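Before any comments, here is the structure.
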Amino acid sequence: MKVLIKNGHVVDPKNKIDELMSVLIEDRHIKKVAKTISEKTDKEIDAKGKIVCPGLIDMHVHLRQPGHEYKENIESGLRAALKGGFTGVCPMPNTNPVADSRSDMEFMRGEAGRLGLINLWPIGAVTLKEEGKELTEFGELKKGGAVGLSDDGQPISDSNILRRALEYAKKFNLVIMVHCQDEGLFCDGCMNEGAVSTRLGILGIPAEAESVEVSRDIQLADLTGGRLHFCHISSQKSLNLIREAKTHGSRVTAETCPHYFHLTDEAVLHYNTHAKMNPPLRTQEDVDAVKKALKDNVLDAIATDHAPHSESEKDAEFDKAPFGIIGLETSLPLSLKLVEEKILTLSDLVRKMSLNPAEILKVDRGHLSEGAVADITIFDLKLEWTVEKEKLESKSKNSPFLGWKMKGKATDVIVQGKYVLQNEEIRI
Amino acid sequence: MEVRWTRKDLLSLEELSKEEIELILQTAESFKEVSSREIKKVPALRGKTIANLFFEPSTRTRTSFEIAAKRLSADIVNFSSSDSSTSKGESLRDTAKNIEAMHVDTIVMRHSSSGSAEYLARSIRAGVVNAGDGIHEHPTQGLLDIFTIRERKKKLEWIKVCLVGDILHSRVARSNIWGLKKLGAKITVCGPPTLIPTKIEELGVEVCYDLDKIIGEQDVLNILRIQLERQKGAFFPSIREYAAEYGISKERMKKAKPDVIIMHPGPVNRGVELASEVADGDRSVILDQVTNGVAVRMAVLFLTTLVER
């Protein structure tokens with residue numbers, strides 16, 4: 001089966017392509033990318049006026065299966081991701097039970113394989129039950145398909161455990177993805193500590209609750225030579241530390257999420273639980289710092305930290321509502337705003353949403369080289385739409401962006417050569 | 001000045017205009033007289049039902065609302081957190097919806113979560129009067145404090161008020177700050193640096209850690225209750241040291257203006273934030289606050305319950 005994507009503007013940062021091109025796919029793989037392809041094909045996709053890029057990868061999501069299927073399950077989560085233009089996602093292991101064994105990895109991959117929607121590359125826990133005490137079997141996790149390790153949701157407070165994890169992971173070339181949170185400073189906080197928390201009478205979480213651990217973790221990465229990736233960085237203080245570390249040659253990478261460059265803690269006013277996430281929304285200065293760090297490659301990736309919670313859980317007193325928002329279906333247009341604001345080029349954006357995540361996780365994706373697996377996202381930069389609760393694929397609707405007007409949307413997606421999203425509709 | 005009351009809820013003093021606050025105070029003045037009559041009752045809210053919904057233990061605020069409602073001839077029922085449904089894990093929304101389904105006109109709520117009053121008001125059609133939401137606001141306490149200050153000082157413009165103690169965890173402090181600021185008073189917050197919330201200056205108050213430095217300039221000292229368990233959160237090392245630095249002792253009172261008034265929202269930790277001699281002394285207006293609380297709550301229940309829905 002040969003499929004030709006023609007008339008599209010191909011953006012492939014790895015191969016330095018950023019112009020009108022055609023892409024020929026044969027079965028599972030990319031056969032050729034060229035200005036004109038005259039080969040006879042079985043199917044043509046007209047991408048006129050659209051961007052054709054390596055499939056987007058969200059390296060940080062929560063799919064809630066097993067254990068919290070009322071919030072999301074692998075199927076609804078992968079459908080939401082596909083609608084959002086992603087060809088692969090990495091679910092974090094804080095399920096119930098915690099995904100800390102090889103069979104947990106195999107279960108998730110098996111489910112995804114059976115569904116045939118998009119790629120699922122699981123993240124295994126660093127410590128058993130994410131308790132921060134005993135290491136999991138990294139080798140087994142990797143054999144089960146883990147592409148990274150994290151205790152996301154929980155910090156690894158014991159510096160020695162993190163040190164050993166970074167060291168031991170070198171044998172398997174696995175990245176350790178850290179959720180930076182100093183438990184003492186975090187205390188009982190529910191939102192960013194600042195003028196807004198003081199007004200609302202909500203206990204605050206200082207930015208230092210993040211940056212204090214960022215500082216420690218940079219030093220542990222340097223000490224061990226292990227590969228360390230910072231999850232969901234939200235504050236200027238952390239970014240200053242990561243910037244300096246990278247300047248001095250530390251092997252660390254970092255991600256942020258769209259809400260950290262679109263919203264400030266003022267979104268919490270009136271006790272809006274859809275603006276409650278961890279780390280919390282911070283100030284305008286932090287938003288500006290996140291944008292600058294994306295531009296300067298201090299931040300390598302944009303992930304969503306897609307964290308579904310049911311309506312009744314979020315419809316509660318602010319301090320009783322859980323942390324987290326969904327993000328898969330709004331990430332692309334929110335990130336495209338950075339291109340509109342000229343903070344990133346399209347090529348930079350594709351790098352941060354596809355190539356860099358693939359490289360950090362050592363997954364051979366994120367490019368359209370000849371012979372590569374054909375994971376491709378086609379999106380329309382100009383398509384305008386409104387975020388409506390009823391139209392979201394995710395089981396949960398906890399988004400601060402409900403009702404927002406968006407610009408840009410994935411229209412077609414190919415995963416392993418299969419044409420799974422056609423003209424905005426899932427075909428499977 | 002002609003201002004109409006249009007709110008079914010009283011959630012905070014932050015959201016009220018100066019004119020709305022003055023309207024409540026005026027209304028309270030006319031109700032204050034009712035409590036001194038032989039027959040302490042007016043038929044203003046006859047046929048209306050008010051529910052006291054207290055998720056935190058409280059005696060004086062709950063009783064004050066109950067007396068206020070009864071003096072207005074409303075029917076009032078009490079729910080407390082030890083009652084079955086909430087301890088069985090029913091959500092706030094469900095509890096309130098159930099009370100509302102019994103056609104209650106106004107719910108008076110105290111709850112440990114900041115913002116719970118606003119959340120409740122959004123969720124139901126009945127009126128909501130905030131009787132303290134977490135560490136956010138306690139608007140009727142703020143109003144009765146303002147009422148008492150004005151009664152004693154005859155005005156509020158340029159009156160210097162110092163709030164002393166645990167500002168961070170105080171809903172009384174936040175309501176006092178918003179209300180007094182709107183009426184022109186000058187506010188200083190004074191307490192250990194650990195208990196002064198970040199960026200409180202942005203609310204338009206002065207911050208001072210040293211009570212002795214500023215006590216002599218103050219017209220009003222509003223002493224907040226110190227919660228003894230704060231010691232555990234490393235906010236201060238001991239009750240003894242807290243009392244030494246911030247307690248209003250007889251000696252410290254010598255530095256204060258002779259006409260200073262001492263306020264406290266109660267209940268007082270005698271010998272900690274307030275010496276017994278001071279609490280019972282001639283500068284103390286603590287019992288006036290309690291008396292005025294009824295009048296202020298009558299005004300608030302009257303205005304909110306009778307508003308057109």
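Just remember, in the structure tokens the first chain shown is A, the second B, etc., residues are 1-based per chain, and ligands are 1-based in the order shown.
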
Kindly provide the residues of chain A that approach chain B to within 8 Å, each paired with its closest atom pair and their distance in Å to one decimal, based on only C-alpha atoms, listed by chain and increasing number, as a Markdown table.
| residue | atom | partner | partner_atom | distance |
| --- | --- | --- | --- | --- |
| A:Glu193 | CA | B:Thr198 | CA | 7.2 |
| A:Gly194 | CA | B:Thr198 | CA | 5.8 |
| A:Ala195 | CA | B:Lys199 | CA | 5.1 |
| A:Thr198 | CA | B:Pro197 | CA | 6.1 |
| A:Arg199 | CA | B:His136 | CA | 7.4 |
| A:Leu200 | CA | B:His136 | CA | 5.7 |
| A:Gly201 | CA | B:His136 | CA | 4.1 |
| A:Ile202 | CA | B:Ser114 | CA | 6.3 |
| A:His270 | CA | B:Gly115 | CA | 7.3 |
| A:Tyr271 | CA | B:Gly115 | CA | 6.0 |
| A:Ala316 | CA | B:Arg93 | CA | 7.5 |
| A:Glu317 | CA | B:Ser116 | CA | 5.4 |
| A:Phe318 | CA | B:Gly115 | CA | 6.8 |
| A:Asp319 | CA | B:Ser113 | CA | 6.3 |
| A:Lys320 | CA | B:Ser113 | CA | 7.8 |

Resulting file, chosen residues, C-alpha atoms, as a CSV table (one decimal), in the first residue's frame:
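Just written: part28.csv:
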chain,number,residue,atom,x,y,z
A,193,GLU,CA,2.2,31.6,46.9
A,194,GLY,CA,1.8,35.3,46.1
A,195,ALA,CA,-0.6,38.2,46.2
A,198,THR,CA,-3.0,36.0,50.1
A,199,ARG,CA,-6.2,37.5,48.9
A,200,LEU,CA,-8.0,34.2,48.5
A,201,GLY,CA,-6.8,32.8,51.8
A,202,ILE,CA,-5.4,29.8,50.1
A,270,HIS,CA,-13.1,32.8,42.3
A,271,TYR,CA,-11.7,29.5,43.4
A,316,ALA,CA,-15.8,21.0,45.1
A,317,GLU,CA,-14.2,23.3,47.6
A,318,PHE,CA,-10.9,24.5,46.2
A,319,ASP,CA,-8.7,22.9,48.7
A,320,LYS,CA,-10.5,19.6,48.4

| Can you tell me, as a VMD selection string, what residues are no more than 12 Å from Arg4 (chain B) when counting only C-alpha atoms, ignoring any on the same chain fewer than 4 positions away? | chain B and resid 17 19 to 24 303 to 304 306 to 308

| task | Please run DSSP on the backbone and report, as a ChimeraX atom specification, all residues within region 129-358 of chain A that come out as strand (DSSP E or B). | result | /A:135,148-150,175-178,191-192,204-205,228-230,252-256,301-302,306

May I have the residues from that selection written out with N, CA and C atoms, as a PDB file, in the first residue's frame?
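What ended up in selection27.pdb:
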ATOM      1  N   LEU A 135      14.331   0.751  44.667  1.00  0.00           N
ATOM      2  CA  LEU A 135      14.303   0.879  43.214  1.00  0.00           C
ATOM      3  C   LEU A 135      13.481  -0.246  42.575  1.00  0.00           C
ATOM      4  N   GLY A 148      11.234   5.386  29.812  1.00  0.00           N
ATOM      5  CA  GLY A 148      11.754   6.327  30.793  1.00  0.00           C
ATOM      6  C   GLY A 148      11.242   5.908  32.154  1.00  0.00           C
ATOM      7  N   LEU A 149      11.771   6.568  33.189  1.00  0.00           N
ATOM      8  CA  LEU A 149      11.386   6.222  34.555  1.00  0.00           C
ATOM      9  C   LEU A 149      11.014   7.485  35.307  1.00  0.00           C
ATOM     10  N   SER A 150       9.961   7.384  36.097  1.00  0.00           N
ATOM     11  CA  SER A 150       9.541   8.552  36.859  1.00  0.00           C
ATOM     12  C   SER A 150       8.668   8.124  38.027  1.00  0.00           C
ATOM     13  N   VAL A 175      16.140   7.473  30.819  1.00  0.00           N
ATOM     14  CA  VAL A 175      16.088   8.811  31.405  1.00  0.00           C
ATOM     15  C   VAL A 175      15.238   8.764  32.680  1.00  0.00           C
ATOM     16  N   ILE A 176      15.664   9.517  33.681  1.00  0.00           N
ATOM     17  CA  ILE A 176      14.865   9.654  34.912  1.00  0.00           C
ATOM     18  C   ILE A 176      14.139  10.996  34.826  1.00  0.00           C
ATOM     19  N   MET A 177      12.819  10.936  34.882  1.00  0.00           N
ATOM     20  CA  MET A 177      12.009  12.154  34.738  1.00  0.00           C
ATOM     21  C   MET A 177      11.539  12.583  36.125  1.00  0.00           C
ATOM     22  N   VAL A 178      12.009  13.742  36.560  1.00  0.00           N
ATOM     23  CA  VAL A 178      11.750  14.125  37.954  1.00  0.00           C
ATOM     24  C   VAL A 178      10.651  15.178  38.087  1.00  0.00           C
ATOM     25  N   MET A 191      -1.983  26.484  45.834  1.00  0.00           N
ATOM     26  CA  MET A 191      -1.769  27.327  44.650  1.00  0.00           C
ATOM     27  C   MET A 191      -0.461  28.086  44.837  1.00  0.00           C
ATOM     28  N   ASN A 192      -0.079  28.839  43.810  1.00  0.00           N
ATOM     29  CA  ASN A 192       1.153  29.608  43.915  1.00  0.00           C
ATOM     30  C   ASN A 192       1.096  30.572  45.094  1.00  0.00           C
ATOM     31  N   GLY A 204      -0.194  28.924  50.189  1.00  0.00           N
ATOM     32  CA  GLY A 204       0.593  29.018  48.963  1.00  0.00           C
ATOM     33  C   GLY A 204       1.710  27.994  48.884  1.00  0.00           C
ATOM     34  N   ILE A 205       2.132  27.761  47.643  1.00  0.00           N
ATOM     35  CA  ILE A 205       3.302  26.922  47.364  1.00  0.00           C
ATOM     36  C   ILE A 205       4.328  27.864  46.745  1.00  0.00           C
ATOM     37  N   LEU A 228      18.889  13.016  33.204  1.00  0.00           N
ATOM     38  CA  LEU A 228      17.816  13.541  34.026  1.00  0.00           C
ATOM     39  C   LEU A 228      16.959  14.519  33.224  1.00  0.00           C
ATOM     40  N   HIS A 229      15.658  14.343  33.349  1.00  0.00           N
ATOM     41  CA  HIS A 229      14.722  15.209  32.632  1.00  0.00           C
ATOM     42  C   HIS A 229      13.767  15.834  33.650  1.00  0.00           C
ATOM     43  N   PHE A 230      13.613  17.157  33.550  1.00  0.00           N
ATOM     44  CA  PHE A 230      12.711  17.853  34.465  1.00  0.00           C
ATOM     45  C   PHE A 230      11.293  17.907  33.894  1.00  0.00           C
ATOM     46  N   VAL A 252      21.102  17.709  31.313  1.00  0.00           N
ATOM     47  CA  VAL A 252      19.711  17.684  31.749  1.00  0.00           C
ATOM     48  C   VAL A 252      18.824  18.221  30.630  1.00  0.00           C
ATOM     49  N   THR A 253      17.590  17.754  30.628  1.00  0.00           N
ATOM     50  CA  THR A 253      16.600  18.264  29.691  1.00  0.00           C
ATOM     51  C   THR A 253      15.371  18.670  30.498  1.00  0.00           C
ATOM     52  N   ALA A 254      14.489  19.421  29.854  1.00  0.00           N
ATOM     53  CA  ALA A 254      13.330  19.915  30.609  1.00  0.00           C
ATOM     54  C   ALA A 254      12.135  20.147  29.702  1.00  0.00           C
ATOM     55  N   GLU A 255      10.977  19.966  30.301  1.00  0.00           N
ATOM     56  CA  GLU A 255       9.725  20.223  29.587  1.00  0.00           C
ATOM     57  C   GLU A 255       8.917  21.265  30.355  1.00  0.00           C
ATOM     58  N   THR A 256       7.976  21.890  29.648  1.00  0.00           N
ATOM     59  CA  THR A 256       6.954  22.685  30.302  1.00  0.00           C
ATOM     60  C   THR A 256       5.616  22.284  29.683  1.00  0.00           C
ATOM     61  N   ALA A 301      11.156  20.568  25.578  1.00  0.00           N
ATOM     62  CA  ALA A 301       9.936  19.899  25.120  1.00  0.00           C
ATOM     63  C   ALA A 301       8.700  20.560  25.698  1.00  0.00           C
ATOM     64  N   ILE A 302       7.605  20.424  24.957  1.00  0.00           N
ATOM     65  CA  ILE A 302       6.289  20.812  25.462  1.00  0.00           C
ATOM     66  C   ILE A 302       5.517  19.511  25.663  1.00  0.00           C
ATOM     67  N   HIS A 306      -1.317  15.912  30.942  1.00  0.00           N
ATOM     68  CA  HIS A 306      -2.757  15.597  30.844  1.00  0.00           C
ATOM     69  C   HIS A 306      -3.189  14.814  32.091  1.00  0.00           C
TER      70      HIS A 306
END

| request: Just the residues within 6 Å of Val23 (chain A), please, counting only C-alpha atoms, with nothing from its chain fewer than 3 positions along; format it as a PyMOL selection string. | output: chain A and resi 4-5+32-33

Kindly export the residues of the current selection with C-alpha atoms, as an mmCIF file, in the first residue's frame.
data_model
loop_
_atom_site.group_PDB
_atom_site.id
_atom_site.type_symbol
_atom_site.label_atom_id
_atom_site.label_comp_id
_atom_site.auth_asym_id
_atom_site.auth_seq_id
_atom_site.Cartn_x
_atom_site.Cartn_y
_atom_site.Cartn_z
ATOM 1 C CA LEU A 4 1.192 10.045 -1.032
ATOM 2 C CA ILE A 5 0.809 13.218 0.988
ATOM 3 C CA LYS A 32 10.595 9.283 0.157
ATOM 4 C CA VAL A 33 10.275 13.010 0.825
#

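Close contacts of Asn423 (chain A), defined as residues with an atom at most 12 Å away when counting only C-alpha atoms, with chain neighbours fewer than 6 positions off set aside, comprise Ile45, Asp46, Ala47, Lys50, Lys83, Gly85, Thr377, Ile378, Phe379, Asp380, Leu383, Lys409, Ala410, Thr411, Asp412, Val413 and Ile414 of chain A.
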
Using the selection just defined, write its residues with C-alpha atoms as a compact mmCIF listing (two decimals), in the first residue's frame.
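result.txt, written as the output of this step:
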# COMPACT_ATOMS: atom_id res chain seq x y z
CA ILE A 45 -3.87 12.91 0.76
CA ASP A 46 -4.09 16.53 -0.30
CA ALA A 47 -2.38 18.63 2.37
CA LYS A 50 -1.44 22.51 5.77
CA LYS A 83 -7.68 14.15 18.14
CA GLY A 85 -2.63 15.43 16.73
CA THR A 377 0.73 14.72 11.84
CA ILE A 378 -0.98 17.06 9.39
CA PHE A 379 -2.40 20.24 10.83
CA ASP A 380 -4.14 23.35 9.67
CA LEU A 383 -8.46 26.43 11.42
CA LYS A 409 -5.91 21.90 14.68
CA ALA A 410 -4.69 18.52 13.54
CA THR A 411 -6.81 17.32 10.62
CA ASP A 412 -5.06 14.10 9.60
CA VAL A 413 -2.78 11.69 11.41
CA ILE A 414 -0.90 8.66 10.21

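Using only C-alpha atoms, the residues found no farther than 10 Å from Glu106 (chain A), other than those of its own chain fewer than 2 positions away, are Ser101, Arg102, Ser103, Asp104, Met108, Arg109, Gly110, Glu111, Ala112, Pro122, Leu141, Lys143, Gly144, Gly145 and Ala146 of chain A.
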
| Leaving out Lys405 (chain A) and any residue of its chain fewer than 2 positions from it, which residues lie within 8 Å of it when counting only C-alpha atoms, given as number ranges by chain? | A: 384-387, 403, 407

Selection from above, C-alpha atoms, as a tab-separated table (two decimals), in the first residue's frame, can you write it?
chain	number	residue	atom	x	y	z
A	384	GLU	CA	-10.46	28.19	14.13
A	385	TRP	CA	-12.53	26.32	16.66
A	386	THR	CA	-13.90	26.62	20.18
A	387	VAL	CA	-13.11	24.23	23.03
A	403	GLY	CA	-14.89	28.12	25.86
A	407	LYS	CA	-6.52	28.59	16.12
